[in-house]
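*Asks:* Below is the file entry_28.cif, which contains mmCIF, C-alpha atoms (C1' of nucleotides).
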```
data_protein
#
loop_
_atom_site.label_atom_id
_atom_site.label_comp_id
_atom_site.auth_asym_id
_atom_site.auth_seq_id
_atom_site.Cartn_x
_atom_site.Cartn_y
_atom_site.Cartn_z
CA MET O 1 93.14 115.24 68.07
CA PHE O 2 91.20 118.01 66.36
CA ASN O 3 90.15 119.78 69.56
CA LEU O 4 92.57 122.65 69.44
CA PHE O 5 92.29 122.85 65.67
CA PHE O 6 88.58 123.54 65.58
CA THR O 7 88.76 125.83 68.58
CA HIS O 8 91.18 127.96 66.62
CA VAL O 9 89.28 127.84 63.35
CA GLN O 10 86.01 128.72 65.08
CA GLU O 11 87.58 131.86 66.51
CA LYS O 12 87.61 133.23 62.97
CA VAL O 13 84.83 131.43 61.07
CA LEU O 14 81.89 129.26 62.13
CA LEU O 15 81.74 125.80 60.59
CA SER O 16 78.71 123.51 60.53
CA THR O 17 79.16 119.93 61.72
CA ALA O 18 79.07 118.77 58.10
CA GLU O 19 81.78 121.26 57.17
CA GLN O 20 83.90 120.15 60.10
CA GLU O 21 83.67 116.54 58.95
CA LEU O 22 84.62 117.53 55.43
CA VAL O 23 87.59 119.55 56.65
CA LYS O 24 88.80 116.81 58.99
CA ASN O 25 89.23 114.38 56.11
CA TYR O 26 91.77 116.56 54.37
CA PHE O 27 94.23 116.38 57.27
CA ILE O 28 96.83 113.79 58.17
CA PRO O 29 97.92 113.48 61.81
CA LYS O 30 101.61 113.11 62.57
CA LYS O 31 103.79 112.84 65.65
CA LEU O 32 107.27 114.26 65.77
CA ARG O 33 110.06 113.62 68.27
CA LYS O 34 112.30 116.34 69.62
CA LYS O 35 115.07 117.22 67.10
CA GLN O 36 113.25 115.33 64.33
CA TYR O 37 112.99 117.11 60.98
CA LEU O 38 109.63 117.90 59.45
CA LEU O 39 111.34 119.45 56.44
CA GLN O 40 114.92 119.68 55.24
CA GLU O 41 116.37 122.32 52.97
CA GLY O 42 116.30 121.09 49.39
CA ASP O 43 113.25 118.88 49.80
CA VAL O 44 109.85 120.10 48.68
CA CYS O 45 107.58 121.20 51.50
CA LYS O 46 104.62 118.91 50.88
CA TYR O 47 102.56 119.90 53.90
CA LEU O 48 101.15 122.84 55.71
CA SER O 49 101.03 121.80 59.37
CA PHE O 50 98.93 122.83 62.33
CA VAL O 51 100.55 122.30 65.71
CA GLU O 52 98.17 120.53 68.10
CA LYS O 53 100.87 119.98 70.69
CA GLY O 54 104.56 120.73 71.11
CA LEU O 55 106.96 123.24 69.61
CA LEU O 56 108.64 123.57 66.22
CA ARG O 57 110.89 126.04 64.51
CA SER O 58 111.68 126.95 60.92
CA TYR O 59 115.07 128.35 60.02
CA ASN O 60 117.52 128.71 57.19
CA VAL O 61 121.25 128.14 57.15
CA ASP O 62 123.53 130.70 55.52
CA ASP O 63 126.77 130.24 53.58
CA LYS O 64 128.78 130.29 56.81
CA GLY O 65 126.64 127.54 58.32
CA LEU O 66 124.84 129.88 60.70
CA GLU O 67 121.16 129.27 61.46
CA HIS O 68 118.59 132.05 61.21
CA MET O 69 115.19 131.50 62.80
CA ILE O 70 112.20 132.30 60.65
CA GLN O 71 109.44 131.27 63.00
CA PHE O 72 108.53 129.33 66.09
CA ALA O 73 105.24 127.44 66.16
CA TRP O 74 103.55 125.90 69.15
CA GLU O 75 100.00 124.89 70.03
CA GLY O 76 97.60 126.69 67.73
CA TRP O 77 100.14 127.84 65.11
CA TRP O 78 100.70 126.81 61.52
CA ILE O 79 104.07 126.10 60.02
CA ALA O 80 105.53 125.41 56.56
CA ASP O 81 108.03 126.76 54.10
CA THR O 82 105.28 128.87 52.56
CA TYR O 83 107.06 129.45 49.30
CA SER O 84 108.05 125.82 48.74
CA PHE O 85 104.63 124.56 49.77
CA LEU O 86 102.81 126.82 47.34
CA SER O 87 105.22 126.72 44.42
CA GLY O 88 106.47 123.14 44.61
CA GLU O 89 110.06 124.41 44.40
CA SER O 90 112.60 122.98 46.82
CA ALA O 91 112.64 124.47 50.29
CA ALA O 92 115.12 127.06 51.51
CA TYR O 93 114.23 126.39 55.14
CA ASN O 94 114.49 123.57 57.61
CA ILE O 95 111.73 122.75 60.05
CA ASP O 96 112.27 120.61 63.12
CA ALA O 97 110.84 119.95 66.55
CA ILE O 98 112.21 121.74 69.61
CA GLU O 99 109.81 119.69 71.76
CA ASP O 100 107.90 116.49 70.93
CA ALA O 101 104.96 117.49 68.78
CA GLU O 102 101.64 116.40 67.32
CA LEU O 103 100.65 117.86 63.97
CA LEU O 104 97.76 117.99 61.56
CA MET O 105 99.08 118.19 58.02
CA ILE O 106 97.49 119.02 54.69
CA THR O 107 98.90 118.76 51.15
CA LEU O 108 98.63 121.55 48.59
CA PRO O 109 96.06 119.76 46.37
CA HIS O 110 93.93 119.08 49.43
CA PHE O 111 94.41 122.61 50.62
CA GLU O 112 93.23 124.01 47.29
CA GLU O 113 90.28 121.64 47.19
CA MET O 114 89.32 122.34 50.77
CA THR O 115 89.38 126.12 50.34
CA LEU O 116 87.22 125.80 47.24
CA LYS O 117 84.73 123.38 48.78
CA VAL O 118 84.57 125.16 52.13
CA PRO O 119 84.77 128.88 51.40
CA LYS O 120 84.83 129.57 55.12
CA MET O 121 88.22 127.90 55.23
CA GLU O 122 89.36 130.17 52.42
CA ARG O 123 88.28 133.03 54.61
CA TYR O 124 89.97 131.53 57.65
CA PHE O 125 93.28 131.38 55.82
CA ARG O 126 92.91 134.82 54.34
CA ILE O 127 92.48 136.18 57.88
CA LEU O 128 95.33 134.04 59.14
CA PHE O 129 97.62 135.31 56.42
CA GLN O 130 96.61 138.89 57.10
CA ASN O 131 97.61 138.52 60.72
CA ASN O 132 100.84 136.90 59.70
CA ILE O 133 101.65 139.87 57.48
CA ILE O 134 101.03 142.26 60.34
CA ALA O 135 103.30 140.23 62.62
CA LYS O 136 106.07 140.04 60.04
CA GLU O 137 105.87 143.77 59.39
CA ARG O 138 106.29 144.45 63.07
CA ARG O 139 109.27 142.17 63.29
CA LEU O 140 110.81 143.86 60.29
CA ILE O 141 110.37 147.32 61.76
CA SER O 142 111.79 146.10 65.02
CA SER O 143 114.75 144.63 63.19
CA ASN O 144 115.45 147.82 61.24
CA THR O 145 114.71 150.35 63.95
CA TYR O 146 115.92 149.17 67.29
CA SER O 147 119.17 148.25 68.99
CA ALA O 148 119.77 144.67 70.09
CA GLU O 149 118.72 145.49 73.65
CA GLU O 150 115.56 147.28 72.54
CA LYS O 151 114.64 144.36 70.29
CA TYR O 152 115.00 141.91 73.13
CA THR O 153 113.08 144.08 75.58
CA LYS O 154 110.20 144.54 73.15
CA LEU O 155 110.10 140.80 72.48
CA ALA O 156 110.07 140.05 76.20
CA GLU O 157 107.17 142.46 76.64
CA THR O 158 105.06 141.30 73.71
CA GLN O 159 105.88 137.58 73.71
CA PRO O 160 106.89 136.55 77.24
CA GLN O 161 105.85 132.92 76.58
CA LEU O 162 108.43 132.80 73.82
CA ILE O 163 111.24 133.90 76.15
CA GLN O 164 110.22 131.30 78.71
CA ARG O 165 109.82 128.36 76.42
CA ILE O 166 112.59 128.75 73.87
CA PRO O 167 116.35 128.27 74.41
CA GLN O 168 118.33 131.47 74.55
CA ASN O 169 120.55 130.77 71.56
CA LEU O 170 117.47 130.31 69.37
CA ILE O 171 115.99 133.56 70.60
CA ALA O 172 119.25 135.28 69.73
CA SER O 173 119.06 133.90 66.22
CA TYR O 174 115.41 134.96 65.98
CA LEU O 175 116.45 138.52 66.86
CA GLY O 176 119.38 138.44 64.46
CA ILE O 177 122.04 138.80 67.15
CA THR O 178 124.71 136.46 68.56
CA PRO O 179 124.14 134.37 71.70
CA GLU O 180 126.98 136.23 73.39
CA THR O 181 125.34 139.58 72.78
CA LEU O 182 122.02 138.32 74.11
CA SER O 183 123.70 136.97 77.22
CA ARG O 184 125.32 140.34 77.88
CA ILE O 185 122.05 142.16 77.28
CA ARG O 186 120.25 139.99 79.80
CA LYS O 187 122.96 140.55 82.35
CA ASN O 188 122.77 144.25 81.70
CA ILE O 189 119.01 144.31 82.18
CA THR O 190 119.14 142.48 85.51
CA LEU O 191 121.88 144.84 86.68
CA LYS O 192 119.66 147.85 85.92
CA LYS O 193 116.89 146.61 88.19
CA MET J 1 90.89 153.38 35.14
CA PHE J 2 90.41 149.70 35.95
CA ASN J 3 92.63 148.37 33.18
CA LEU J 4 95.65 147.51 35.24
CA PHE J 5 93.48 146.41 38.13
CA PHE J 6 91.66 143.68 36.23
CA THR J 7 94.81 142.63 34.43
CA HIS J 8 96.35 141.95 37.80
CA VAL J 9 93.34 140.24 39.30
CA GLN J 10 92.93 138.02 36.24
CA GLU J 11 96.47 136.78 36.65
CA LYS J 12 95.29 134.98 39.76
CA VAL J 13 91.54 134.36 39.31
CA LEU J 14 89.17 134.57 36.35
CA LEU J 15 86.19 136.88 36.78
CA SER J 16 83.05 136.88 34.64
CA THR J 17 81.91 140.22 33.22
CA ALA J 18 79.13 140.30 35.80
CA GLU J 19 81.61 139.73 38.61
CA GLN J 20 83.85 142.46 37.24
CA GLU J 21 80.97 144.92 37.28
CA LEU J 22 80.11 143.94 40.84
CA VAL J 23 83.71 144.36 41.97
CA LYS J 24 84.11 147.73 40.24
CA ASN J 25 81.32 149.25 42.26
CA TYR J 26 83.09 148.67 45.54
CA PHE J 27 86.06 150.84 44.59
CA ILE J 28 86.56 154.58 44.83
CA PRO J 29 89.07 156.23 42.47
CA LYS J 30 91.44 158.83 43.88
CA LYS J 31 94.30 160.96 42.60
CA LEU J 32 97.23 161.90 44.76
CA ARG J 33 99.88 164.57 44.21
CA LYS J 34 103.54 164.01 44.99
CA LYS J 35 104.25 164.41 48.74
CA GLN J 36 100.53 164.23 49.52
CA TYR J 37 99.50 161.99 52.42
CA LEU J 38 97.16 159.09 51.91
CA LEU J 39 97.36 158.24 55.59
CA GLN J 40 98.90 159.90 58.61
CA GLU J 41 99.99 158.19 61.78
CA GLY J 42 97.22 158.37 64.36
CA ASP J 43 94.38 158.40 61.85
CA VAL J 44 92.48 155.23 61.06
CA CYS J 45 93.40 153.62 57.75
CA LYS J 46 89.99 153.56 56.10
CA TYR J 47 91.06 152.23 52.73
CA LEU J 48 92.99 149.47 51.09
CA SER J 49 94.38 150.99 47.90
CA PHE J 50 95.43 149.58 44.56
CA VAL J 51 97.98 151.66 42.65
CA GLU J 52 96.90 152.17 39.04
CA LYS J 53 99.63 154.71 38.41
CA GLY J 54 102.44 156.37 40.30
CA LEU J 55 104.46 155.49 43.38
CA LEU J 56 103.71 155.49 47.10
CA ARG J 57 105.49 154.51 50.26
CA SER J 58 104.46 153.51 53.75
CA TYR J 59 106.76 154.18 56.68
CA ASN J 60 106.80 154.73 60.37
CA VAL J 61 108.62 157.34 62.41
CA ASP J 62 110.53 156.32 65.52
CA ASP J 63 111.07 158.19 68.81
CA LYS J 64 114.08 159.99 67.37
CA GLY J 65 112.08 161.22 64.38
CA LEU J 66 113.73 158.82 61.94
CA GLU J 67 111.65 157.32 59.14
CA HIS J 68 111.64 153.59 58.46
CA MET J 69 110.24 152.36 55.15
CA ILE J 70 107.74 149.53 55.36
CA GLN J 71 106.87 149.23 51.72
CA PHE J 72 106.94 150.87 48.32
CA ALA J 73 103.96 150.47 46.02
CA TRP J 74 103.78 151.30 42.35
CA GLU J 75 101.59 150.22 39.44
CA GLY J 76 99.97 146.92 40.30
CA TRP J 77 100.64 146.96 44.06
CA TRP J 78 98.33 147.32 47.03
CA ILE J 79 99.03 149.53 50.00
CA ALA J 80 97.53 150.19 53.43
CA ASP J 81 98.38 150.08 57.09
CA THR J 82 97.14 146.51 57.19
CA TYR J 83 96.68 146.39 60.93
CA SER J 84 94.82 149.69 61.18
CA PHE J 85 92.68 148.91 58.16
CA LEU J 86 91.56 145.56 59.54
CA SER J 87 91.26 146.43 63.21
CA GLY J 88 89.99 150.00 63.03
CA GLU J 89 92.72 151.05 65.48
CA SER J 90 94.72 154.18 64.70
CA ALA J 91 97.57 153.76 62.27
CA ALA J 92 101.22 153.45 63.23
CA TYR J 93 102.36 154.21 59.69
CA ASN J 94 102.27 157.09 57.29
CA ILE J 95 101.55 156.64 53.62
CA ASP J 96 102.35 159.29 51.03
CA ALA J 97 103.07 159.68 47.34
CA ILE J 98 106.64 159.71 46.04
CA GLU J 99 105.26 160.38 42.54
CA ASP J 100 101.81 161.61 41.44
CA ALA J 101 99.47 158.65 41.71
CA GLU J 102 96.08 157.26 40.78
CA LEU J 103 94.45 154.84 43.20
CA LEU J 104 91.48 152.55 43.51
CA MET J 105 90.36 152.40 47.11
CA ILE J 106 88.05 150.13 49.05
CA THR J 107 86.72 150.41 52.61
CA LEU J 108 86.76 147.52 55.06
CA PRO J 109 82.95 146.95 55.02
CA HIS J 110 83.03 146.89 51.23
CA PHE J 111 86.07 144.65 51.28
CA GLU J 112 84.33 142.15 53.56
CA GLU J 113 81.15 142.28 51.47
CA MET J 114 83.03 141.92 48.22
CA THR J 115 85.03 138.92 49.37
CA LEU J 116 81.83 137.24 50.56
CA LYS J 117 79.84 138.01 47.39
CA VAL J 118 82.66 137.23 45.01
CA PRO J 119 84.56 134.27 46.46
CA LYS J 120 87.10 134.56 43.68
CA MET J 121 88.17 137.85 45.18
CA GLU J 122 88.55 136.15 48.54
CA ARG J 123 90.82 133.73 46.77
CA TYR J 124 92.66 136.54 45.00
CA PHE J 125 93.46 138.20 48.30
CA ARG J 126 94.40 134.97 49.98
CA ILE J 127 96.96 134.40 47.21
CA LEU J 128 98.09 138.01 47.38
CA PHE J 129 98.61 137.79 51.11
CA GLN J 130 100.49 134.52 50.74
CA ASN J 131 102.91 136.16 48.36
CA ASN J 132 103.26 139.10 50.65
CA ILE J 133 104.22 136.79 53.51
CA ILE J 134 106.87 135.14 51.37
CA ALA J 135 108.30 138.52 50.41
CA LYS J 136 108.33 139.75 54.01
CA GLU J 137 110.03 136.56 55.17
CA ARG J 138 112.76 137.05 52.62
CA ARG J 139 113.28 140.62 53.65
CA LEU J 140 113.48 139.58 57.26
CA ILE J 141 116.06 136.89 56.56
CA SER J 142 118.02 139.35 54.49
CA SER J 143 117.87 141.86 57.31
CA ASN J 144 119.05 139.36 59.94
CA THR J 145 121.62 137.49 57.85
CA TYR J 146 123.50 139.81 55.58
CA SER J 147 125.82 142.78 55.84
CA ALA J 148 124.72 146.17 54.57
CA GLU J 149 126.58 145.67 51.31
CA GLU J 150 125.12 142.19 50.77
CA LYS J 151 121.62 143.47 51.47
CA TYR J 152 122.00 146.21 48.90
CA THR J 153 123.52 143.90 46.29
CA LYS J 154 120.72 141.37 46.71
CA LEU J 155 118.13 144.10 46.43
CA ALA J 156 119.74 145.45 43.29
CA GLU J 157 119.69 141.97 41.78
CA THR J 158 116.14 141.04 42.71
CA GLN J 159 114.45 144.45 42.41
CA PRO J 160 116.42 146.60 39.97
CA GLN J 161 113.34 148.70 39.18
CA LEU J 162 113.23 149.72 42.81
CA ILE J 163 116.82 150.97 42.75
CA GLN J 164 116.15 152.97 39.61
CA ARG J 165 112.92 154.57 40.63
CA ILE J 166 113.34 155.32 44.31
CA PRO J 167 115.55 158.02 45.91
CA GLN J 168 118.65 156.67 47.56
CA ASN J 169 117.87 157.88 51.06
CA LEU J 170 114.58 156.00 50.98
CA ILE J 171 116.29 152.84 49.82
CA ALA J 172 118.72 153.20 52.71
CA SER J 173 115.83 153.45 55.12
CA TYR J 174 114.18 150.43 53.48
CA LEU J 175 117.35 148.42 54.09
CA GLY J 176 117.67 149.69 57.64
CA ILE J 177 120.97 151.50 57.07
CA THR J 178 121.98 155.17 56.98
CA PRO J 179 122.16 157.14 53.70
CA GLU J 180 125.88 157.68 54.30
CA THR J 181 126.53 153.96 54.54
CA LEU J 182 124.58 153.31 51.36
CA SER J 183 126.51 156.02 49.53
CA ARG J 184 129.81 154.44 50.58
CA ILE J 185 128.60 150.98 49.60
CA ARG J 186 127.68 152.17 46.13
CA LYS J 187 131.03 153.86 45.72
CA ASN J 188 132.73 150.69 46.88
CA ILE J 189 130.82 148.55 44.39
CA THR J 190 131.69 150.76 41.42
CA LEU J 191 135.34 150.74 42.49
CA LYS J 192 135.37 146.95 42.46
CA LYS J 193 134.29 146.75 38.84
"C1'" DC V 1 130.39 108.65 84.05
"C1'" DG V 2 131.84 111.28 79.91
"C1'" DG V 3 130.99 114.02 75.93
"C1'" DA V 4 128.31 117.42 73.89
"C1'" DT V 5 125.85 121.52 74.27
"C1'" DC V 6 124.61 125.92 76.40
"C1'" DG V 7 125.16 130.16 78.76
"C1'" DT V 8 128.61 133.24 80.41
"C1'" DT V 9 132.61 136.34 80.46
"C1'" DG V 10 136.72 138.71 78.63
"C1'" DA V 11 139.51 140.86 74.94
"C1'" DT V 12 139.91 142.38 70.42
"C1'" DC V 13 138.12 143.77 66.02
"C1'" DA V 14 135.11 145.17 62.19
"C1'" DA V 15 130.99 147.26 60.60
"C1'" DC V 16 128.15 150.76 60.78
"C1'" DT V 17 126.64 155.20 62.87
"C1'" DT V 18 127.12 159.83 63.98
"C1'" DC V 19 128.48 164.41 63.26
"C1'" DA V 20 130.08 167.78 60.21
"C1'" DA V 21 130.95 170.00 55.93
"C1'" DC V 22 130.39 170.79 50.89
"C1'" DG V 23 128.70 170.85 46.02
"C1'" DG V 24 124.88 169.96 42.98
"C1'" DT V 25 120.09 170.06 41.78
"C1'" DC V 26 115.39 170.95 42.12
"C1'" DG V 27 111.35 173.65 42.76
"C1'" DT V 28 109.29 177.70 44.50
"C1'" DG V 29 108.21 182.38 45.33
"C1'" DG V 30 109.31 187.00 44.31
"C1'" DC P 1 112.57 183.71 34.80
"C1'" DC P 2 115.91 183.96 38.01
"C1'" DA P 3 117.68 183.46 42.74
"C1'" DC P 4 117.50 181.47 46.83
"C1'" DG P 5 116.69 177.96 50.07
"C1'" DA P 6 115.89 173.19 50.90
"C1'" DC P 7 117.16 168.80 50.13
"C1'" DC P 8 120.12 165.12 48.47
"C1'" DG P 9 124.24 162.56 47.76
"C1'" DT P 10 128.97 162.45 48.98
"C1'" DT P 11 133.15 162.41 51.77
"C1'" DG P 12 135.96 162.54 56.01
"C1'" DA P 13 136.93 161.67 60.96
"C1'" DA P 14 135.66 159.90 65.22
"C1'" DG P 15 132.74 157.09 68.09
"C1'" DT P 16 129.72 153.00 69.27
"C1'" DT P 17 127.64 148.77 68.84
"C1'" DG P 18 127.76 144.26 68.21
"C1'" DA P 19 130.61 140.30 66.15
"C1'" DT P 20 134.30 137.28 66.67
"C1'" DC P 21 137.48 134.33 69.00
"C1'" DA P 22 138.61 131.93 73.03
"C1'" DA P 23 138.06 129.85 77.45
"C1'" DC P 24 135.37 127.93 81.33
"C1'" DG P 25 131.70 125.99 84.32
"C1'" DA P 26 127.12 123.93 84.41
"C1'" DT P 27 123.80 120.88 82.78
"C1'" DC P 28 121.74 117.45 80.14
"C1'" DC P 29 121.61 113.03 77.95
"C1'" DG P 30 123.14 108.69 76.54
#
```
Represent the structure contained in this file as structure tokens.

*Replies:*
Amino acid sequence: MFNLFFTHVQEKVLLSTAEQELVKNYFIPKKLRKKQYLLQEGDVCKYLSFVEKGLLRSYNVDDKGLEHMIQFAWEGWWIADTYSFLSGESAAYNIDAIEDAELLMITLPHFEEMTLKVPKMERYFRILFQNNIIAKERRLISSNTYSAEEKYTKLAETQPQLIQRIPQNLIASYLGITPETLSRIRKNITLKK
Amino acid sequence: MFNLFFTHVQEKVLLSTAEQELVKNYFIPKKLRKKQYLLQEGDVCKYLSFVEKGLLRSYNVDDKGLEHMIQFAWEGWWIADTYSFLSGESAAYNIDAIEDAELLMITLPHFEEMTLKVPKMERYFRILFQNNIIAKERRLISSNTYSAEEKYTKLAETQPQLIQRIPQNLIASYLGITPETLSRIRKNITLKK
DNA sequence: CGGATCGTTGATCAACTTCAACGGTCGTGG
DNA sequence: CCACGACCGTTGAAGTTGATCAACGATCCG
């Protein structure tokens, strides 16, 4: 169950066997069925979750009832409503499974304790968060700079796995465009070739 | 020079006098004149900078020569091309001063050493990065969900200081709209009242 | 098998951009 | 210290991009 987890952690920091054991005990395993919620808007996000297997998404719903993707998370990614998890306020996002999933979850008190007891995990998360910031910055630039077609093309270049694995309407929402527009863009691109 | 710096750090973690002294020694003070570059695209971002005084911005320039704001940083904020700073690759962003500024800068080797020697600083940055992620997520949602007018209104509500202190054309770029559109939006809003 | 959901296509519409022009202000060099 | 140029915000008119509304076939799942 922890195979992928430790592989990923060890890419950034090296844990002793004792530290690994300590870390393990803070996590709760959980299985999730396709379409099942991990978190619903309004609830407090009690867990930060590592995806061992499967595929999840986080998204918010606007006044008009439209969904806007925040993030996709598959094997090796973390997911939560970061703000709700850290502040204890109710969540603005929903999280659910696009494919059946297996998770490793940790609560905030355990997270705080773990990062204090195992400073390498503090470091791991600092690095993780850094990389997340970089990724979000890029997405933001992309969103503010490029046309719908350019955004899609860049995504297809940099994250081809995402295009392959995730339904088209969710990709559209992730890019901040309508499914119709994305469909037309894809048609347009194949015509060009 | 370090007044604001330690005020800000102490809001998140408590440092002993000895730790403060240790931390101080890793930083280099620097003054910057209005319009002066701290970083130019193509150079490596050697420093992570804390703003003691003044106002800076980071932005990138697209193929058509248009600027896109990434971030503004005034008293109490940090600024860098995060990716370049951490990876040593050349920077995609420019950073310059909108107002005369005083900075405290740290190099990556010193940053790594400091966070290892003073784990509280590791924690400080982990928290800082967390908050940054939350802010970037919100901006991204805002960018993908709302109309130009809604984006501006929300910004004016949540960051009124920003509206007051930063030239309108830069705010437009920050919101991913043209200066003309922002001008019309503002006119429109005052008409409504 | 039947209903729901998804991707596609067409037609129309609204939001925002682009291009152009003008007045005001700021700061810089003579 | 003044004058000039550069830059900024504003306004107007026209153009473009992407959203919206609607309809249809295909596929998936129960």

*Asks:* Using all atoms listed in the file, pick whichever of J:Ser147, J:Ser142, J:Gln20, J:Gln168 has the shortest atom-to-atom distance to chain V.

*Replies:*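 Smallest separation from chain V among the options: J:Ser147.
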
*Asks:* Give me the residues within 12 Å of DC22 (chain V) as a list in words, counting all atoms listed in the file and dropping any in the same chain fewer than 6 places off.

*Replies:*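 Here the qualifying residues turn out to be DC8, DG9, DT10, DT11 and DG12 of chain P.
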
*Asks:* Where does the PyMOL selection byres ((chain J and resi 58) around 7) land in this file, that is, which residues does it pick, as a list in words?

*Replies:*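 Residues picked by the PyMOL selection byres ((chain J and resi 58) around 7): Leu56, Arg57, Tyr59, Met69, Ile70, Gln71, Phe72, Tyr93, Asn94, Ile95 and Asp96 of chain J.
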
*Asks:* For the structure shown, which residues end up in the PyMOL selection byres ((chain V) within 9 of (chain J))? Put them as JSON, numbers by chain, please?

*Replies:* {"V": [15, 16, 17]}

*Asks:* Which distance in Å separates CA of Phe125 (chain O) and CA of Ile127 (chain J), to one decimal?

*Replies:* 9.8 Å

*Asks:* Which residues of chain J come within 6 Å of chain O, and what is each one's closest atom pair and distance in Å (one decimal), counting all atoms listed in the file, sorted by chain and residue number, as a tab-separated table?

*Replies:*
```
residue	atom	partner	partner_atom	distance
J:Arg126	CA	O:Arg126	CA	4.6
J:Phe129	CA	O:Phe129	CA	5.9
J:Ile133	CA	O:Ile133	CA	5.6
J:Leu140	CA	O:Leu140	CA	5.9
J:Asn144	CA	O:Gly176	CA	4.6
J:Gly176	CA	O:Asn144	CA	4.6
```

*Asks:* What is the C1' of DG27 (chain V) to CA of Ile166 (chain J) distance in Å?

*Replies:*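 Between C1' of DG27 (chain V) and CA of Ile166 (chain J) the gap works out to 18.5 Å.
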
*Asks:* Evaluate the PyMOL selection byres ((chain P and resi 1) around 12) and record the selected residues as a PyMOL selection string, following the chain and residue labels used in the document.

*Replies:* (chain V and resi 28-30) or (chain P and resi 2-3)

*Asks:* Pick the closest to chain P from J:Lys192, J:Lys35, J:Arg184, J:Lys53: which is it, counting all atoms listed in the file?

*Replies:*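 Ranked by minimum distance to chain P, first place goes to J:Arg184.
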
*Asks:* Counting only C-alpha atoms (C1' of nucleotides), which residues from chain P have an atom at most 10 Å from any atom of chain O, and could you show them as a list in words?

*Replies:*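 Contact residues on the first chain: DT17, DG18, DA19 and DT20 of chain P.
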
*Asks:* What separation in Å, quoted to one decimal, exists between CA of Trp77 (chain O) and CA of Val51 (chain O)?

*Replies:*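 Value for the CA of Trp77 (chain O)-CA of Val51 (chain O) distance: 5.6 Å.
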
*Asks:* For DA13 (chain P), list every protein, DNA or RNA residue within 12 Å, evaluated using only C-alpha atoms (C1' of nucleotides), and leave out those in the same chain fewer than 4 positions away; present the list as a list in words.

*Replies:*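 In the requested form, the answer reads DT18, DC19, DA20 and DA21 of chain V.
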
*Asks:* Residues proximal to (122.5, 108.7, 75.8) were defined as those with any atom within 12 Å of that point in the file's coordinates, counting only C-alpha atoms (C1' of nucleotides). Which are they, as a list in words?

*Replies:*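 Counting only C-alpha atoms (C1' of nucleotides), I find these residues within 12 Å of (122.5, 108.7, 75.8): DC1, DG2, DG3 and DA4 of chain V; DC28, DC29 and DG30 of chain P.
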
*Asks:* Show me, as number ranges by chain, the residues that have an atom within 12 Å of DA22 (chain P) when counting only C-alpha atoms (C1' of nucleotides), minus same-chain residues fewer than 6 positions from it.

*Replies:* V: 9-12

*Asks:* Just the selected residues (C-alpha atoms (C1' of nucleotides)), exported as a PDB file, keeping the file's coordinate frame, please.

*Replies:*
```
ATOM      1  C1'  DT V   9     132.610 136.340  80.460  1.00  0.00           C
ATOM      2  C1'  DG V  10     136.720 138.710  78.630  1.00  0.00           C
ATOM      3  C1'  DA V  11     139.510 140.860  74.940  1.00  0.00           C
ATOM      4  C1'  DT V  12     139.910 142.380  70.420  1.00  0.00           C
TER       5       DT V  12
END
```

*Asks:* List every protein, DNA or RNA residue that has at least one atom no more than 9 Å from (93.8, 114.4, 58.6) in the file's coordinates, counting all atoms listed in the file, and write the result as a tab-separated table (two decimals) with C-alpha atoms, in the coordinates of the input.

*Replies:*
```
chain	number	residue	atom	x	y	z
O	2	PHE	CA	91.20	118.01	66.36
O	23	VAL	CA	87.59	119.55	56.65
O	24	LYS	CA	88.80	116.81	58.99
O	25	ASN	CA	89.23	114.38	56.11
O	26	TYR	CA	91.77	116.56	54.37
O	27	PHE	CA	94.23	116.38	57.27
O	28	ILE	CA	96.83	113.79	58.17
O	29	PRO	CA	97.92	113.48	61.81
O	30	LYS	CA	101.61	113.11	62.57
O	104	LEU	CA	97.76	117.99	61.56
O	105	MET	CA	99.08	118.19	58.02
O	106	ILE	CA	97.49	119.02	54.69
```
